[in-house]
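Okay, entry_22.cif is below, mmCIF, C-alpha atoms and all ligand atoms:
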data_input
loop_
_atom_site.label_atom_id
_atom_site.label_comp_id
_atom_site.auth_asym_id
_atom_site.auth_seq_id
_atom_site.Cartn_x
_atom_site.Cartn_y
_atom_site.Cartn_z
CA MET D 1 148.38 113.16 128.03
CA PRO D 2 145.65 115.58 127.21
CA SER D 3 142.94 117.03 129.39
CA THR D 4 139.57 117.51 127.74
CA ILE D 5 136.76 119.67 129.04
CA VAL D 6 133.17 119.18 127.86
CA VAL D 7 130.64 121.99 128.24
CA GLY D 8 127.12 122.77 127.01
CA GLY D 9 126.73 125.25 124.15
CA PHE D 10 123.06 126.24 124.51
CA PHE D 11 120.77 126.13 127.58
CA GLY D 12 121.77 122.81 129.13
CA ASP D 13 120.34 119.39 128.20
CA GLU D 14 122.46 119.22 125.06
CA GLY D 15 123.19 115.57 125.77
CA LYS D 16 126.53 116.04 127.51
CA GLY D 17 125.98 112.94 129.67
CA LYS D 18 125.98 110.65 126.69
CA ILE D 19 129.03 112.31 125.09
CA ILE D 20 130.94 112.13 128.37
CA SER D 21 130.09 108.48 128.91
CA HIS D 22 131.39 107.76 125.39
CA LEU D 23 134.63 109.69 126.02
CA SER D 24 135.18 108.06 129.39
CA THR D 25 134.79 104.59 127.89
CA LYS D 26 136.81 105.27 124.74
CA ASP D 27 139.63 107.43 126.14
CA ASP D 28 139.93 105.68 129.49
CA PRO D 29 140.78 108.74 131.59
CA LYS D 30 142.38 108.28 134.98
CA ILE D 31 139.98 110.84 136.49
CA VAL D 32 136.59 112.20 135.47
CA VAL D 33 135.85 115.38 137.38
CA ARG D 34 132.75 117.48 137.57
CA GLY D 35 132.54 121.25 137.74
CA GLY D 36 129.40 123.37 137.33
CA ALA D 37 126.54 124.36 139.59
CA GLY D 38 125.08 121.43 141.56
CA PRO D 39 122.19 118.95 141.60
CA ASN D 40 120.15 121.30 139.39
CA ALA D 41 121.90 119.38 136.58
CA GLY D 42 120.48 116.12 135.31
CA HIS D 43 122.34 113.90 132.89
CA THR D 44 120.73 110.87 131.31
CA ILE D 45 122.96 108.01 130.26
CA ARG D 46 121.81 104.85 128.54
CA ASP D 47 123.94 101.77 128.58
CA GLY D 48 122.28 98.73 127.03
CA GLU D 49 119.11 98.06 128.99
CA LYS D 50 120.05 100.43 131.77
CA THR D 51 119.14 104.12 132.07
CA TYR D 52 120.96 106.22 134.64
CA LYS D 53 119.80 109.66 135.65
CA VAL D 54 122.61 111.41 137.48
CA ARG D 55 122.47 114.73 139.27
CA MET D 56 125.62 114.74 141.37
CA LEU D 57 128.06 112.10 140.14
CA PRO D 58 130.13 112.74 137.02
CA SER D 59 128.58 110.96 134.01
CA GLY D 60 131.91 109.24 133.36
CA PHE D 61 131.31 106.74 136.20
CA LEU D 62 130.37 103.96 133.75
CA ASN D 63 134.06 103.28 133.16
CA LYS D 64 134.84 101.21 136.24
CA LYS D 65 138.55 102.03 136.15
CA THR D 66 137.95 105.77 136.40
CA LYS D 67 138.08 107.79 139.58
CA VAL D 68 135.13 110.16 139.76
CA MET D 69 135.51 113.47 141.53
CA ILE D 70 133.53 116.63 142.29
CA GLY D 71 135.40 119.94 142.32
CA PRO D 72 135.21 122.50 145.15
CA GLY D 73 133.14 124.95 143.10
CA VAL D 74 130.18 122.55 142.98
CA VAL D 75 127.49 122.59 145.68
CA VAL D 76 126.62 119.10 146.85
CA ASN D 77 123.42 117.58 148.17
CA PRO D 78 124.83 114.73 150.32
CA ASP D 79 121.61 112.68 150.22
CA ILE D 80 121.52 112.66 146.41
CA LEU D 81 125.25 111.99 146.09
CA LEU D 82 125.31 109.11 148.57
CA LYS D 83 122.24 107.55 146.96
CA GLU D 84 123.82 107.70 143.49
CA ILE D 85 127.11 106.24 144.75
CA SER D 86 125.32 103.27 146.25
CA GLU D 87 122.73 102.77 143.47
CA PHE D 88 125.26 102.97 140.66
CA GLY D 89 127.93 100.96 142.51
CA VAL D 90 130.60 103.65 142.49
CA ALA D 91 131.73 103.31 146.12
CA GLY D 92 135.51 103.31 146.65
CA ARG D 93 136.26 105.47 143.60
CA SER D 94 134.06 108.53 144.24
CA PHE D 95 135.51 111.65 145.85
CA VAL D 96 134.28 115.07 146.89
CA ASP D 97 136.53 118.05 147.40
CA LYS D 98 136.73 119.04 151.05
CA ASN D 99 135.67 122.56 150.08
CA CYS D 100 132.48 121.68 148.21
CA GLY D 101 129.52 123.67 149.56
CA ILE D 102 126.66 121.74 151.13
CA ILE D 103 122.97 122.08 150.27
CA GLU D 104 120.71 121.81 153.30
CA GLN D 105 116.93 121.52 153.75
CA GLU D 106 116.58 125.25 154.15
CA HIS D 107 118.15 125.87 150.70
CA LEU D 108 115.59 123.55 149.13
CA GLN D 109 112.80 125.50 150.80
CA ARG D 110 114.12 128.87 149.64
CA ASP D 111 114.42 127.51 146.09
CA SER D 112 110.89 126.15 145.91
CA LYS D 113 108.92 129.37 146.22
CA GLY D 114 108.92 133.08 145.36
CA GLU D 115 110.97 134.78 142.61
CA LEU D 116 113.38 131.90 142.01
CA LYS D 117 110.61 129.40 141.44
CA GLU D 118 108.04 131.61 139.74
CA LYS D 119 110.05 134.16 137.76
CA ILE D 120 113.23 132.22 136.93
CA GLY D 121 111.71 128.76 136.91
CA SER D 122 114.56 127.34 138.98
CA THR D 123 114.92 123.60 139.38
CA GLY D 124 114.08 123.84 143.09
CA SER D 125 117.25 121.88 143.92
CA GLY D 126 118.60 124.43 146.42
CA THR D 127 121.60 125.17 144.20
CA GLY D 128 120.99 128.95 143.85
CA PRO D 129 120.35 129.65 147.56
CA ALA D 130 123.40 127.54 148.52
CA ASN D 131 125.61 129.52 146.14
CA ALA D 132 124.16 132.73 147.59
CA ASP D 133 125.13 131.56 151.10
CA ARG D 134 128.56 130.64 149.83
CA ALA D 135 129.00 134.22 148.61
CA MET D 136 127.87 135.36 152.06
CA ARG D 137 130.49 133.03 153.54
CA ILE D 138 127.99 131.21 155.73
CA LEU D 139 127.62 127.96 153.77
CA LYS D 140 128.79 124.68 155.34
CA LEU D 141 131.48 122.80 153.46
CA ALA D 142 131.93 119.07 152.84
CA LYS D 143 134.69 118.86 155.47
CA ASP D 144 132.20 120.11 158.10
CA ILE D 145 129.75 117.23 157.79
CA ASP D 146 130.11 113.62 158.94
CA SER D 147 128.24 111.84 156.16
CA LEU D 148 130.87 112.77 153.55
CA SER D 149 133.98 112.16 155.69
CA GLY D 150 134.88 108.97 153.80
CA LEU D 151 134.82 110.71 150.42
CA LEU D 152 136.93 113.82 151.00
CA ALA D 153 139.80 114.68 148.67
CA ASP D 154 141.93 117.58 147.49
CA VAL D 155 140.61 117.48 143.94
CA SER D 156 142.80 120.15 142.35
CA THR D 157 146.00 118.52 143.64
CA GLU D 158 144.89 115.11 142.38
CA LEU D 159 144.06 116.48 138.94
CA ASN D 160 147.22 118.47 138.50
CA THR D 161 149.32 115.56 139.75
CA ALA D 162 147.61 113.20 137.31
CA LEU D 163 148.48 115.58 134.45
CA ASP D 164 152.07 115.88 135.73
CA ASN D 165 152.25 112.09 135.53
CA ASN D 166 151.03 112.06 131.94
CA GLU D 167 147.62 110.68 132.83
CA ARG D 168 144.41 111.64 131.10
CA VAL D 169 141.75 113.79 132.76
CA LEU D 170 138.18 114.37 131.53
CA VAL D 171 136.34 117.40 132.85
CA GLU D 172 132.54 117.63 132.85
CA GLY D 173 130.66 120.87 132.75
CA THR D 174 126.98 121.15 133.59
CA GLN D 175 124.17 123.39 132.34
CA GLY D 176 124.95 125.38 129.18
CA THR D 177 126.72 128.54 128.05
CA PHE D 178 123.58 130.71 127.94
CA LEU D 179 122.62 129.74 131.49
CA SER D 180 125.88 131.33 132.69
CA LEU D 181 125.42 133.97 135.37
CA TRP D 182 127.85 136.22 133.43
CA HIS D 183 127.29 135.32 129.78
CA GLY D 184 123.71 134.05 129.71
CA THR D 185 120.26 135.58 129.44
CA TYR D 186 120.31 137.20 132.90
CA PRO D 187 118.26 137.03 135.09
CA TYR D 188 117.01 133.79 133.51
CA VAL D 189 120.20 131.92 134.26
CA THR D 190 121.74 129.62 136.85
CA SER D 191 123.67 130.83 139.89
CA LYS D 192 127.21 130.55 138.44
CA ASP D 193 129.37 130.90 135.39
CA VAL D 194 129.20 127.59 133.52
CA THR D 195 131.47 128.35 130.56
CA ALA D 196 134.75 126.43 130.17
CA SER D 197 136.70 129.00 132.22
CA GLY D 198 134.19 128.80 135.06
CA ILE D 199 134.26 125.01 135.04
CA CYS D 200 138.08 125.07 135.21
CA ALA D 201 137.94 127.41 138.20
CA ASP D 202 135.45 125.05 139.89
CA ILE D 203 137.95 122.20 139.85
CA GLY D 204 141.23 124.08 140.19
CA LEU D 205 142.66 123.53 136.73
CA GLY D 206 144.52 126.55 135.36
CA PRO D 207 143.77 127.74 131.79
CA LYS D 208 147.12 126.55 130.44
CA ARG D 209 146.45 122.96 131.50
CA VAL D 210 143.45 122.46 129.23
CA ASP D 211 144.17 120.85 125.87
CA ASP D 212 140.78 120.29 124.29
CA ILE D 213 137.55 122.16 124.82
CA MET D 214 134.55 120.36 123.41
CA VAL D 215 131.33 122.34 123.21
CA VAL D 216 128.22 120.18 122.91
CA PHE D 217 125.21 121.30 120.88
CA LYS D 218 122.00 119.41 120.31
CA SER D 219 120.71 119.33 116.69
CA TYR D 220 117.98 121.73 117.86
CA VAL D 221 117.76 124.07 120.84
CA THR D 222 115.77 123.37 123.98
CA ARG D 223 115.24 125.38 127.10
CA VAL D 224 113.54 124.39 130.34
CA GLY D 225 112.27 127.15 132.62
CA THR D 226 111.67 130.77 131.64
CA GLY D 227 113.74 133.29 129.66
CA PRO D 228 114.14 134.16 125.98
CA LEU D 229 114.24 131.50 123.28
CA GLU D 230 114.49 132.84 119.74
CA ASN D 231 112.11 131.29 117.18
CA GLU D 232 110.44 129.20 119.86
CA LEU D 233 108.05 126.57 118.47
CA SER D 234 104.58 126.04 119.87
CA PRO D 235 104.20 122.93 122.06
CA GLU D 236 102.14 121.39 119.22
CA ASP D 237 104.88 121.98 116.62
CA THR D 238 107.51 120.71 119.05
CA GLU D 239 105.51 117.52 119.40
CA LYS D 240 104.95 117.22 115.63
CA ARG D 241 108.67 117.40 114.94
CA GLY D 242 109.35 114.72 117.54
CA TRP D 243 111.33 117.18 119.66
CA ALA D 244 109.22 116.96 122.82
CA GLU D 245 111.54 116.29 125.77
CA PHE D 246 110.98 116.40 129.51
CA GLY D 247 113.49 117.71 132.07
CA THR D 248 115.59 115.09 133.88
CA VAL D 249 115.35 116.94 137.19
CA THR D 250 112.00 118.72 136.96
CA GLY D 251 109.97 116.63 134.50
CA ARG D 252 108.87 119.86 132.75
CA LEU D 253 108.29 119.93 128.98
CA ARG D 254 111.31 121.56 127.35
CA ARG D 255 110.68 124.49 125.03
CA ALA D 256 112.23 124.02 121.59
CA ALA D 257 113.57 125.89 118.53
CA ASP D 258 115.70 125.22 115.45
CA PHE D 259 119.50 125.00 115.74
CA ASN D 260 120.68 128.59 116.29
CA PHE D 261 123.93 129.34 114.45
CA ASP D 262 124.37 132.81 116.01
CA LEU D 263 124.15 131.41 119.53
CA ALA D 264 126.43 128.53 118.59
CA ARG D 265 129.08 130.90 117.17
CA ARG D 266 128.95 132.92 120.37
CA ALA D 267 129.29 129.76 122.48
CA VAL D 268 132.35 128.75 120.45
CA MET D 269 133.86 132.18 121.17
CA LEU D 270 133.01 132.26 124.88
CA ASN D 271 134.42 128.80 125.50
CA SER D 272 137.35 128.95 123.01
CA ALA D 273 136.10 125.65 121.60
CA THR D 274 138.61 123.41 119.85
CA GLN D 275 135.99 120.79 118.97
CA VAL D 276 132.25 120.52 118.75
CA ALA D 277 129.93 117.58 119.47
CA ILE D 278 126.46 117.40 117.89
CA THR D 279 123.87 115.24 119.61
CA LYS D 280 120.53 113.77 118.56
CA LEU D 281 121.25 113.91 114.84
CA ASP D 282 118.87 110.92 114.57
CA ILE D 283 115.98 113.08 115.80
CA LEU D 284 116.55 115.56 112.96
CA PHE D 285 117.39 112.88 110.39
CA PRO D 286 115.81 109.56 111.44
CA ASP D 287 117.81 107.65 108.81
CA THR D 288 121.00 108.40 110.75
CA ALA D 289 119.85 106.37 113.79
CA HIS D 290 122.59 104.16 115.32
CA LYS D 291 125.09 105.02 112.57
CA THR D 292 128.72 104.86 113.67
CA SER D 293 130.58 106.34 110.70
CA PHE D 294 130.25 109.65 108.88
CA GLU D 295 130.27 107.91 105.48
CA GLN D 296 127.00 106.12 106.38
CA LEU D 297 125.12 109.43 106.73
CA THR D 298 122.73 110.62 104.02
CA PRO D 299 123.57 113.81 102.05
CA PRO D 300 121.17 116.11 104.01
CA ALA D 301 122.65 114.98 107.34
CA LYS D 302 126.19 115.41 106.00
CA SER D 303 125.37 118.93 104.75
CA PHE D 304 123.96 119.88 108.15
CA ILE D 305 127.23 118.85 109.82
CA GLN D 306 129.25 120.56 107.08
CA LYS D 307 127.25 123.76 107.56
CA ILE D 308 127.97 123.72 111.29
CA GLU D 309 131.70 123.35 110.61
CA ASP D 310 131.62 126.17 108.04
CA GLU D 311 129.63 128.54 110.25
CA LEU D 312 131.50 127.84 113.48
CA GLY D 313 134.99 127.26 112.10
CA VAL D 314 135.52 124.31 114.46
CA PRO D 315 135.54 120.60 113.59
CA VAL D 316 132.54 118.47 114.54
CA ALA D 317 134.46 115.70 116.29
CA ILE D 318 131.61 113.65 117.75
CA ILE D 319 128.07 113.06 116.50
CA GLY D 320 125.34 111.39 118.55
CA THR D 321 123.01 109.12 116.57
CA GLY D 322 120.91 107.53 119.30
CA PRO D 323 120.39 107.36 123.05
CA GLU D 324 122.94 104.66 123.85
CA SER D 325 126.61 105.32 124.51
CA LYS D 326 127.52 103.26 121.45
CA ASP D 327 125.28 105.28 119.10
CA VAL D 328 128.06 107.66 118.20
CA ILE D 329 130.29 108.75 115.32
CA ASP D 330 133.73 109.57 116.65
CA ARG D 331 135.73 111.48 114.02
CA ARG D 332 138.78 112.26 116.16
CA ASN D 333 141.77 110.90 114.18
P1 LIG V 1 118.57 126.96 138.94
O1 LIG V 1 119.91 126.66 138.36
O2 LIG V 1 117.92 125.76 139.55
O3 LIG V 1 118.58 128.15 139.84
O4 LIG V 1 117.60 127.36 137.72
C1 LIG V 1 117.82 128.54 136.95
C2 LIG V 1 117.48 128.31 135.49
O5 LIG V 1 118.43 127.43 134.90
C3 LIG V 1 116.11 127.64 135.25
O6 LIG V 1 115.58 128.14 134.04
C4 LIG V 1 116.46 126.17 135.10
O7 LIG V 1 115.50 125.46 134.36
C5 LIG V 1 117.78 126.27 134.37
N1 LIG V 1 118.67 125.11 134.63
C6 LIG V 1 119.47 124.90 135.69
N2 LIG V 1 120.17 123.77 135.55
C7 LIG V 1 119.82 123.25 134.37
C8 LIG V 1 120.23 122.08 133.66
O8 LIG V 1 121.07 121.29 134.08
N3 LIG V 1 119.64 121.89 132.44
C9 LIG V 1 118.73 122.76 131.94
N4 LIG V 1 118.33 123.86 132.56
C10 LIG V 1 118.86 124.11 133.77
MG MG V 2 119.93 117.93 131.87
#

Can the structure in the file be given as structure tokens, please?
Amino acid sequence: MPSTIVVGGFFGDEGKGKIISHLSTKDDPKIVVRGGAGPNAGHTIRDGEKTYKVRMLPSGFLNKKTKVMIGPGVVVNPDILLKEISEFGVAGRSFVDKNCGIIEQEHLQRDSKGELKEKIGSTGSGTGPANADRAMRILKLAKDIDSLSGLLADVSTELNTALDNNERVLVEGTQGTFLSLWHGTYPYVTSKDVTASGICADIGLGPKRVDDIMVVFKSYVTRVGTGPLENELSPEDTEKRGWAEFGTVTGRLRRAADFNFDLARRAVMLNSATQVAITKLDILFPDTAHKTSFEQLTPPAKSFIQKIEDELGVPVAIIGTGPESKDVIDRRN
């Protein structure tokens, strides 16, 4: 049974949450596990009438049969996690690795002022300062605090055992390739590596145990916070094109630019992508809204997808055509 890892190809907010909720419903994995930074991430998932904004739980929680887990490389804000578990009804199948770092009040304070806030435009979630303390070896871990005692697990053992038993595992990355501390636009990046290799390290899955690596790109590029963005549109032009989006965590207007093939090629290389997902095709080509098969797309939309495949040399396996989990074209097999 294969393991699939899903990561962002640009600057986060590519729409990974929606892709992951589709994969978790369609592929029925035994475990959905989250790597990545921490509650600086915000995934929006729409299921019928309901909209979920998740910051700590894996987006695959919508499949009620799936165990949801957070790997030891992720820093956890216990208040946010516990609130999501109870609000979204995921109690009894949510687990946190005993070695996850813990965000405390003081990390939130350090993240809400000075260089991090003003120069980098951090999310203020305490993620960066907590990772700094982890590097200093002074951060508390999940096993040290009472409120998480009922959720503790050895995530890497569970994952590797599931794969040994021929069960399917879905791995969620957060942020995006060019927010990586190593491969991104330093210093305007997050506090960790968030490429596929980094995400695997976060959860304790060795490189040889990954079968599919899906890199998610939005049909245009957005960036929230500071740092370079090639061919950035003015806020007025962003609005005119219908590309105005607001951050899930921070509520800030996202900066926007056209799809960037050079960046996308580099993301494919850095992550060794085997598949690509393209989201929000309906924003670029409104006549593709809610379509569920490639044949239903109009010629300009088809050529855009074809161009991506030609330029990147990787198949576009999934295409998002609307905000709901079911607004998707799944071209795998
Ligand atoms: P931090 O990760 O909160 O320290 O923020 C560092 C930079 O990464 C800022 O520009 C944030 O806006 C950006 N960032 C962090 N997490 C995300 C995310 O999940 N989506 C989009 N941008 C993010
Ligand atoms: Mg987001």

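Proximity to ligand MG 2 (chain V) was assessed for D:Ser197, D:Thr298, D:Thr279, D:Gln175 counting only C-alpha atoms and all ligand atoms; the smallest distance is recorded for D:Gln175.
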
Protein and nucleic residues near ligand MG 2 (chain V), 7 Å, all atoms listed in the file, as a PDB file with C-alpha atoms, in the coordinates of the input:
ATOM      1  CA  GLY D  12     121.770 122.810 129.130  1.00  0.00           C
ATOM      2  CA  ASP D  13     120.340 119.390 128.200  1.00  0.00           C
ATOM      3  CA  ALA D  41     121.900 119.380 136.580  1.00  0.00           C
ATOM      4  CA  GLY D  42     120.480 116.120 135.310  1.00  0.00           C
ATOM      5  CA  HIS D  43     122.340 113.900 132.890  1.00  0.00           C
ATOM      6  CA  GLN D 175     124.170 123.390 132.340  1.00  0.00           C
ATOM      7  CA  GLY D 247     113.490 117.710 132.070  1.00  0.00           C
ATOM      8  CA  THR D 248     115.590 115.090 133.880  1.00  0.00           C
TER       9      THR D 248
END

*Quick one: residues within 12 Å of stretch 241-246 of chain D, only C-alpha atoms counted, chain neighbours fewer than 4 positions away excluded, as an NGL selection string?*
:D and (13-15 or 42 or 44 or 218-225 or 233-237 or 250-259 or 280-286)

*If you count all atoms listed in the file, which residues fall within 6 Å of stretch 25-37 of chain D, apart from same-chain ones fewer than 4 positions away, as an NGL selection string?*
:D and (58 or 60 or 63 or 66-71 or 74 or 168-174 or 194 or 199 or 202-203)

Create the file for the chosen residues now, containing C-alpha atoms and written as a CSV table (one decimal), in the frame of the given file.
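After the write, out_11.csv holds the following:
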chain,number,residue,atom,x,y,z
D,58,PRO,CA,130.1,112.7,137.0
D,60,GLY,CA,131.9,109.2,133.4
D,63,ASN,CA,134.1,103.3,133.2
D,66,THR,CA,138.0,105.8,136.4
D,67,LYS,CA,138.1,107.8,139.6
D,68,VAL,CA,135.1,110.2,139.8
D,69,MET,CA,135.5,113.5,141.5
D,70,ILE,CA,133.5,116.6,142.3
D,71,GLY,CA,135.4,119.9,142.3
D,74,VAL,CA,130.2,122.6,143.0
D,168,ARG,CA,144.4,111.6,131.1
D,169,VAL,CA,141.8,113.8,132.8
D,170,LEU,CA,138.2,114.4,131.5
D,171,VAL,CA,136.3,117.4,132.8
D,172,GLU,CA,132.5,117.6,132.8
D,173,GLY,CA,130.7,120.9,132.8
D,174,THR,CA,127.0,121.2,133.6
D,194,VAL,CA,129.2,127.6,133.5
D,199,ILE,CA,134.3,125.0,135.0
D,202,ASP,CA,135.4,125.0,139.9
D,203,ILE,CA,138.0,122.2,139.8

*asked:* As an exercise, work out the distance from atom CA of D:Gly126 to atom CA of D:Asp111 in Å and give it to one decimal place.
replied: 5.2 Å

*Pick out the closest residue to D:Asn40 from this set: D:Leu139, D:Cys100, D:Val249, D:Leu148. Count all atoms listed in the file.*
D:Val249

Hey, what's within 6 Å of stretch 75-89 of chain D if we count all atoms listed in the file and toss same-chain stuff fewer than 4 positions away? As a PDB file with C-alpha atoms, in the frame of the given file, please?
ATOM      1  CA  GLY D  38     125.080 121.430 141.560  1.00  0.00           C
ATOM      2  CA  MET D  56     125.620 114.740 141.370  1.00  0.00           C
ATOM      3  CA  CYS D 100     132.480 121.680 148.210  1.00  0.00           C
ATOM      4  CA  GLY D 101     129.520 123.670 149.560  1.00  0.00           C
ATOM      5  CA  ILE D 102     126.660 121.740 151.130  1.00  0.00           C
ATOM      6  CA  ILE D 103     122.970 122.080 150.270  1.00  0.00           C
TER       7      ILE D 103
END
